[in-house]
Amino acid sequence: MATMINNNVGSFGSQPMFGQSKAAFQRGIGQRTAMTGITGDALGSMSILNQNRIAAQREMQRASKTTQTDDDAINNVSAYTIEESLRIRTQVLDQANKNIQDDTALLKTAQGSGNSIVDSIKEIQRLATSATDEALTDVDRRVIQRDINRLVNQISTDSQITFNGRKLIDGSSTTGNPAIATVMSNNSLYNGTTASTALTALQNSSGVSLGIETSDRITASYVQGGNIYTASFTVGENTLEDIFKNLNRINGVTATEDGGMTYTNAAFVGGERGMLKAPELPQNPEEIRPAEPLVARPVEVIQKPEPVEDPGAEVSINPIPSEYVQADFEQPSNAQALSAYEDLEDAVNDFGDNLLAEDLPEGIGEFVSSLQVEMLASQSDGSVKDLTDWTASDAYKNLSEEARAGADANAGIINNALNNSDYADKLAAYNDKNNEYNAAARQYEIYSTAYEAFLSGAEIIAAPTELDEDATPEQQAQYQAEKEAYDRAVANYSPQEATAYVRYREQKAAFDNYKIQQAEYDQYVSDKAQWDKFDAENKIYLDYKNEYDTELYPQYQRDLAQYNLLTADIVQSDGNNGLSVTARKPGLAEQISGISINVTDASGNTKSAATGALNNFKTTTFAEDEREDNSIFFQIGETIDQTMNFGFNDMRAEAFGLKGADGNIISISTKEDADAALSTINNALSKATEQLQTIGSSEKRLGYIADSLAIEISNIQEPDSMIRNANMAKTLTVYALDFFQRDRMQSMFAIANQHSSAVLGLLR
């Protein structure tokens with residue numbers, strides 16, 4: 001439109017006026033100006049209209065959660081985040097709620113099958129109760145037995161129920177537990193009752209006698225693995241524990257090699273005192289620990305020496321003549337010289353004593369003492385110097401002139417004292433004996449030297465050195481003695497004898513060395529044998545100690561614990577003013593599913609009070625096999641810790657004791673069997689009902705959790721709706737504004753179009 005107007009104006013300005021008046025022309029110019037203003041408003045409105053259209057589109061996109069990249073989307077990101085987090089949480093909680101519905105359906109499935117099992121047990125209970133009536137015959141009971149068999153098999157079928165392919169109540173979805181033994185308790189007996197209480201002394205819980213007499217008869221039964229075991233005996237002097245002892249003997253007594261008795265498959269724990277041998281404590285390994293040898297362990301191997309021949313008896317040689325043997329000349333010759341010297345000492349002492357008796361001048365006494373010492377002094381050859389002329393002594397020469405003059409003045413007294421002491425004679429006797437000794441010693445030394453030379457293997461005995469012509473008489477005498485000794489030695493010890501003796505000595509030395517080495521080797525062999533024996537015994541000790549520590553003693557402890565268990569009282573206090581008995585072994589295969597104890601008098605009539613009290617053993621702990629934790633976990637919340645796990649009890653017929661692992665079904669074919677079976681059936685009904693109660697309580701809990709989740713979801717949805725409603729209101733407001741502005745713009749366009757027509761009319 002604007003282009004068209006501009007073209008018209010251009011044409012108008014370039015053409016002649018065709019005679020139009022000035023007033024008319026001015027009027028046309030005014031109309032043109034007005035038209036230009038109207039056209040400008042229309043163009044501005046078109047721009048606003050376009051902006052509003054874009055804003056409306058943006059709001060519609062934001063309201064529909066379209067991702068925004070412009071400024072408005074950035075401003076709204078916080079509200080968008082909150083809105084989305086609330087929406088996501090709502091979805092998670094919705095899923096948890098759906099989980100609960102699925103979990104509830106799972107529990108209802110198990111409960112439905114459990115109800116069917118309970119109904120079957122109730123029907124079995126009814127049939128068993130009818131079978132205990134003596135109005136029925138055994139034929140009737142066999143008919144009933146077929147119905148019971150059918151119902152027990154139905155229980156086995158119902159226990160295999162599955163949910164989404166997973167079995168629930170067949171024992172595969174239980175919580176983890178160790179193997180548990182059956183425990184049965186009786187609270188109908190007086191709280192002072194013990195295992196050793198006589199049957200005739202039993203009282204009920206109120207203290208009233210059960211009226212059991214010695215002539216009455218006990219018929220007791222227990223059910224295990226679908227089999228019924230019965231024992232019957234007269235009351236007599238028996239105790240309460242004897243009931244269970246007799247039941248134990250049904251399937252458990254075995255003779256031992258030593259003539260004793262032991263239990264192999266007894267039903268109940270305890271009651272075997274006097275019948276079992278206590279386990280023997282294995283030998284302590286310390287009792288066989290070997291003592292280390294007192295000798296040191298050989299660290300070096302000693303080889304056995306090569307044998308050396310014994311040279312035999314010593315080679316015969318001429319010994320030193322007896323007169324030259326040291327022992328001979330020492331005793332007579334040396335002893336004589338010593339004896340003579342002692343006589344000389346006595347003479348010298350007498351000399352001194354004689355002078356002391358005289359009145360000698362001062363200084364002479366000291367001289368006499370020195371003289372006495374010098375008179376006994378030995379020379380190099382052992383002789384004593386002759387001092388009968390005392391003036392030749394060193395003691396006299398060392399006197400002062402004054403003292404010497406005093407000695408000279410008393411020379412007569414001194415000489416007289418010497419003569420009276422027999423000094424000269426005794427001195428001569430000593431020197432003679434000493435000379436004899438010296439001569440004998442020289443002869444021995446010469447001969448001994450020759451002999452030792454022979455012993456050492458010398459083939460040549462050296463002759464004494466020849467003397468010079470100017471040799472002194474003493475030297476000549478010495479030489480002569482050595483020559484005689486040499487000649488005699490050569491005559492006695494030839495070189496041939498010396499060679500033979502050397503060979504003998506070498507052989508003897510080698511043999512002696514061999515004996516030393518052999519002794520060392522023998523000691524080594526002895527020491528090694530001791531250590532080898534120790535090592536062998538120590539290995540036996542270590543092996544046994546390891547076996548003792550890892551096997552023998554632990555097994556002894558287990559055996560002792562079992563022995564203590566089996567020799568304890570069968571009937572024990574259960575801590576609740578009642579008595580309890582425990583199955584000997586844990587697990588379903590060994591569970592005791594029912595106990596029946598009937599008391600009849602001598603005529604066979606049942607004693608109701610006694611039977612009722614003794615029959616009231618109820619299962620307080622049901623047997624369980626050892627299982628891993630296979631319980632089912634229910635996710636009931638938005639976090640990983642918001643879970644609930646549930647473990648289903650084993651509801652198979654075997655778990656109730658109605659059926660054995662071998663498929664044997666509990667029997668009611670006789671009155672006694674029916675009585676025993678009824679106790680098992682009652683326990684089974686109690687166990688099944690307890691499981692249904694557990695399932696029901698879990699269903700209720702899931703219902704409470706579902707209600708809580710519904711409230712939480714509602715609380716989350718309310719603020720989410722507020723945010724969404726506010727966003728929608730804003731969007732509608734922008735949309736309405738856009739609508740009104742669009743309407744106004746259309747009006748402006750209409751006006752602009754009308755004025756444009758008027759201008760075109762003027763141009764015409």
# chains A, B, ... in the order shown; residues from 1 in each chain; ligands from 1
call {"tool": "closest_atom_pairs", "arguments": {"of": "region 96-123 of chain A", "to": "region 170-175 of chain A", "cutoff": "12 Å", "atoms": "only C-alpha atoms", "output": "JSON lines"}}
result
{"residue": "A:Ala110", "atom": "CA", "partner": "A:Asp170", "partner_atom": "CA", "distance": 10.4}
{"residue": "A:Ser113", "atom": "CA", "partner": "A:Asp170", "partner_atom": "CA", "distance": 11.0}
{"residue": "A:Gly114", "atom": "CA", "partner": "A:Asp170", "partner_atom": "CA", "distance": 10.8}
{"residue": "A:Ile117", "atom": "CA", "partner": "A:Asp170", "partner_atom": "CA", "distance": 11.9}
call {"tool": "residues_around", "arguments": {"residues": "Ala96 (chain A)", "least_positions_apart": "4", "cutoff": "9 Å", "atoms": "only C-alpha atoms", "output": "VMD selection string"}}
result
chain A and resid 91 to 92 100 to 101 635 to 638 706 709
call {"tool": "write_last_selection", "arguments": {"atoms": "N, CA and C atoms", "output": "compact mmCIF listing (two decimals), in the first residue's frame"}}
result
# COMPACT_ATOMS: atom_id res chain seq x y z
N GLN A 91 6.58 -39.71 39.63
CA GLN A 91 6.63 -40.92 38.81
C GLN A 91 7.29 -42.08 39.57
N VAL A 92 8.39 -41.78 40.34
CA VAL A 92 9.07 -42.83 41.11
C VAL A 92 8.14 -43.40 42.17
N ILE A 100 4.24 -52.20 45.14
CA ILE A 100 3.50 -52.70 46.31
C ILE A 100 2.29 -53.51 45.86
N GLN A 101 1.65 -53.04 44.80
CA GLN A 101 0.50 -53.80 44.31
C GLN A 101 0.94 -55.18 43.82
N GLN A 635 10.79 -53.69 46.87
CA GLN A 635 11.20 -52.29 46.79
C GLN A 635 9.95 -51.44 46.99
N ILE A 636 9.82 -50.82 48.15
CA ILE A 636 8.58 -50.13 48.51
C ILE A 636 8.77 -48.63 48.64
N GLY A 637 9.89 -48.09 48.15
CA GLY A 637 10.12 -46.66 48.25
C GLY A 637 11.02 -46.19 47.14
N GLU A 638 11.40 -44.93 47.21
CA GLU A 638 12.17 -44.32 46.14
C GLU A 638 13.68 -44.47 46.34
N ALA A 706 1.23 -48.40 51.09
CA ALA A 706 0.59 -47.89 49.88
C ALA A 706 -0.23 -46.64 50.18
N LEU A 709 2.10 -43.77 50.64
CA LEU A 709 2.63 -43.30 49.36
C LEU A 709 1.60 -42.46 48.62
call {"tool": "residues_around", "arguments": {"residues": "Leu281 (chain A)", "least_positions_apart": "6", "cutoff": "12 Å", "atoms": "only C-alpha atoms", "output": "list in words"}}
result
Tyr548, Leu552, Tyr553, Pro554, Gln555, Tyr556, Gln557, Arg558, Asp559 and Leu560 of chain A
call {"tool": "write_last_selection", "arguments": {"atoms": "N, CA and C atoms", "output": "PDB file, in the first residue's frame"}}
result
ATOM      1  N   TYR A 548      46.775 -83.307  65.875  1.00  0.00           N
ATOM      2  CA  TYR A 548      46.098 -83.081  67.159  1.00  0.00           C
ATOM      3  C   TYR A 548      45.374 -81.737  67.154  1.00  0.00           C
ATOM      4  N   LEU A 552      42.309 -84.138  65.747  1.00  0.00           N
ATOM      5  CA  LEU A 552      41.991 -84.988  66.895  1.00  0.00           C
ATOM      6  C   LEU A 552      41.326 -84.225  68.031  1.00  0.00           C
ATOM      7  N   TYR A 553      41.943 -83.092  68.434  1.00  0.00           N
ATOM      8  CA  TYR A 553      41.370 -82.369  69.574  1.00  0.00           C
ATOM      9  C   TYR A 553      40.050 -81.686  69.210  1.00  0.00           C
ATOM     10  N   PRO A 554      39.943 -81.041  68.035  1.00  0.00           N
ATOM     11  CA  PRO A 554      38.620 -80.508  67.669  1.00  0.00           C
ATOM     12  C   PRO A 554      37.552 -81.594  67.610  1.00  0.00           C
ATOM     13  N   GLN A 555      37.922 -82.779  67.067  1.00  0.00           N
ATOM     14  CA  GLN A 555      36.948 -83.868  67.026  1.00  0.00           C
ATOM     15  C   GLN A 555      36.596 -84.329  68.433  1.00  0.00           C
ATOM     16  N   TYR A 556      37.595 -84.355  69.313  1.00  0.00           N
ATOM     17  CA  TYR A 556      37.323 -84.715  70.710  1.00  0.00           C
ATOM     18  C   TYR A 556      36.356 -83.716  71.341  1.00  0.00           C
ATOM     19  N   GLN A 557      36.573 -82.436  71.068  1.00  0.00           N
ATOM     20  CA  GLN A 557      35.672 -81.427  71.624  1.00  0.00           C
ATOM     21  C   GLN A 557      34.248 -81.615  71.104  1.00  0.00           C
ATOM     22  N   ARG A 558      34.141 -81.938  69.798  1.00  0.00           N
ATOM     23  CA  ARG A 558      32.817 -82.182  69.250  1.00  0.00           C
ATOM     24  C   ARG A 558      32.193 -83.432  69.871  1.00  0.00           C
ATOM     25  N   ASP A 559      33.019 -84.468  69.988  1.00  0.00           N
ATOM     26  CA  ASP A 559      32.510 -85.702  70.586  1.00  0.00           C
ATOM     27  C   ASP A 559      32.116 -85.481  72.038  1.00  0.00           C
ATOM     28  N   LEU A 560      32.925 -84.681  72.744  1.00  0.00           N
ATOM     29  CA  LEU A 560      32.622 -84.419  74.150  1.00  0.00           C
ATOM     30  C   LEU A 560      31.335 -83.608  74.278  1.00  0.00           C
TER      31      LEU A 560
END
call {"tool": "closest_residue", "arguments": {"among": "A:Ala267, A:Thr680, A:Asn334, A:Leu588", "to": "Thr619 (chain A)", "atoms": "only C-alpha atoms"}}
result
A:Thr680
call {"tool": "residues_around", "arguments": {"residues": "Leu566 (chain A)", "least_positions_apart": "5", "cutoff": "9 Å", "atoms": "only C-alpha atoms", "output": "list in words"}}
result
Phe268, Val269, Gly270, Gly271, Glu272, Arg273, Leu276, Ala561 and Arg584 of chain A
call {"tool": "residues_around", "arguments": {"residues": "region 134-140 of chain A", "least_positions_apart": "4", "cutoff": "12 Å", "atoms": "only C-alpha atoms", "output": "list in words"}}
result
Leu127, Ala128, Thr129, Ser130, Ile144, Gln145, Arg146, Asp147, Ser667, Ile668, Ser669, Thr670, Lys671, Glu672, Asp673, Ala674 and Asp675 of chain A
call {"tool": "select_by_dssp", "arguments": {"residues": "region 183-269 of chain A", "states": "strand (DSSP E or B)", "output": "PDB file with C-alpha atoms, in the first residue's frame"}}
result
ATOM      1  CA  VAL A 183      11.902 -78.478  70.576  1.00  0.00           C
ATOM      2  CA  MET A 184       8.638 -79.586  72.211  1.00  0.00           C
ATOM      3  CA  SER A 185       7.424 -78.151  75.515  1.00  0.00           C
ATOM      4  CA  ASN A 186       4.827 -79.163  78.096  1.00  0.00           C
ATOM      5  CA  LEU A 189       2.974 -80.519  84.631  1.00  0.00           C
ATOM      6  CA  ALA A 198       8.834 -90.788  89.233  1.00  0.00           C
ATOM      7  CA  GLN A 203       1.284 -83.753  89.255  1.00  0.00           C
ATOM      8  CA  ASN A 204      -0.540 -81.347  86.981  1.00  0.00           C
ATOM      9  CA  SER A 209      -1.611 -85.840  91.377  1.00  0.00           C
ATOM     10  CA  ARG A 217       0.992 -98.945  81.429  1.00  0.00           C
ATOM     11  CA  ILE A 218       2.610 -96.232  79.315  1.00  0.00           C
ATOM     12  CA  THR A 219       2.204 -96.299  75.543  1.00  0.00           C
ATOM     13  CA  ALA A 220       4.367 -93.596  73.979  1.00  0.00           C
ATOM     14  CA  SER A 221       4.896 -92.748  70.316  1.00  0.00           C
ATOM     15  CA  TYR A 222       6.745 -90.204  68.241  1.00  0.00           C
ATOM     16  CA  VAL A 223       6.489 -89.375  64.542  1.00  0.00           C
ATOM     17  CA  GLN A 224       9.598 -88.857  62.441  1.00  0.00           C
ATOM     18  CA  ASN A 227       6.952 -93.003  60.437  1.00  0.00           C
ATOM     19  CA  ILE A 228       5.410 -93.703  63.831  1.00  0.00           C
ATOM     20  CA  TYR A 229       7.581 -95.302  66.519  1.00  0.00           C
ATOM     21  CA  THR A 230       5.861 -96.717  69.614  1.00  0.00           C
ATOM     22  CA  ALA A 231       7.159 -98.039  72.936  1.00  0.00           C
ATOM     23  CA  SER A 232       5.040 -99.608  75.676  1.00  0.00           C
ATOM     24  CA  PHE A 233       6.058-100.477  79.237  1.00  0.00           C
ATOM     25  CA  THR A 234       4.704-100.804  82.755  1.00  0.00           C
ATOM     26  CA  THR A 239      10.649 -91.769  85.790  1.00  0.00           C
ATOM     27  CA  VAL A 253      20.369 -98.945  70.557  1.00  0.00           C
ATOM     28  CA  THR A 254      23.428-100.728  69.192  1.00  0.00           C
ATOM     29  CA  ALA A 255      25.874-103.043  70.956  1.00  0.00           C
ATOM     30  CA  MET A 261      25.599 -99.988  74.412  1.00  0.00           C
ATOM     31  CA  THR A 262      25.426 -96.861  72.339  1.00  0.00           C
ATOM     32  CA  TYR A 263      22.796 -94.903  70.407  1.00  0.00           C
ATOM     33  CA  PHE A 268      15.835 -87.257  71.544  1.00  0.00           C
TER      34      PHE A 268
END
call {"tool": "closest_residue", "arguments": {"among": "A:Glu300, A:Ile161, A:Asn354, A:Thr620", "to": "Asn576 (chain A)", "atoms": "only C-alpha atoms"}}
result
A:Thr620
call {"tool": "atom_distance", "arguments": {"atom1": "CA of Gln125 (chain A)", "atom2": "CA of Phe622 (chain A)"}}
result
19.0 Å
call {"tool": "closest_residue", "arguments": {"among": "A:Asp102, A:Val118, A:Thr157, A:Ile212", "to": "Ser608 (chain A)", "atoms": "only C-alpha atoms"}}
result
A:Ile212
call {"tool": "atom_distance", "arguments": {"atom1": "CA of Met644 (chain A)", "atom2": "CA of Leu702 (chain A)"}}
result
9.1 Å
call {"tool": "residues_around", "arguments": {"residues": "region 371-388 of chain A", "least_positions_apart": "4", "cutoff": "7 Å", "atoms": "only C-alpha atoms", "output": "list of chain:residue names"}}
result
A:Glu345, A:Val348, A:Phe367, A:Ala392, A:Ser393, A:Ala395, A:Ala424, A:Asn431, A:Asn434
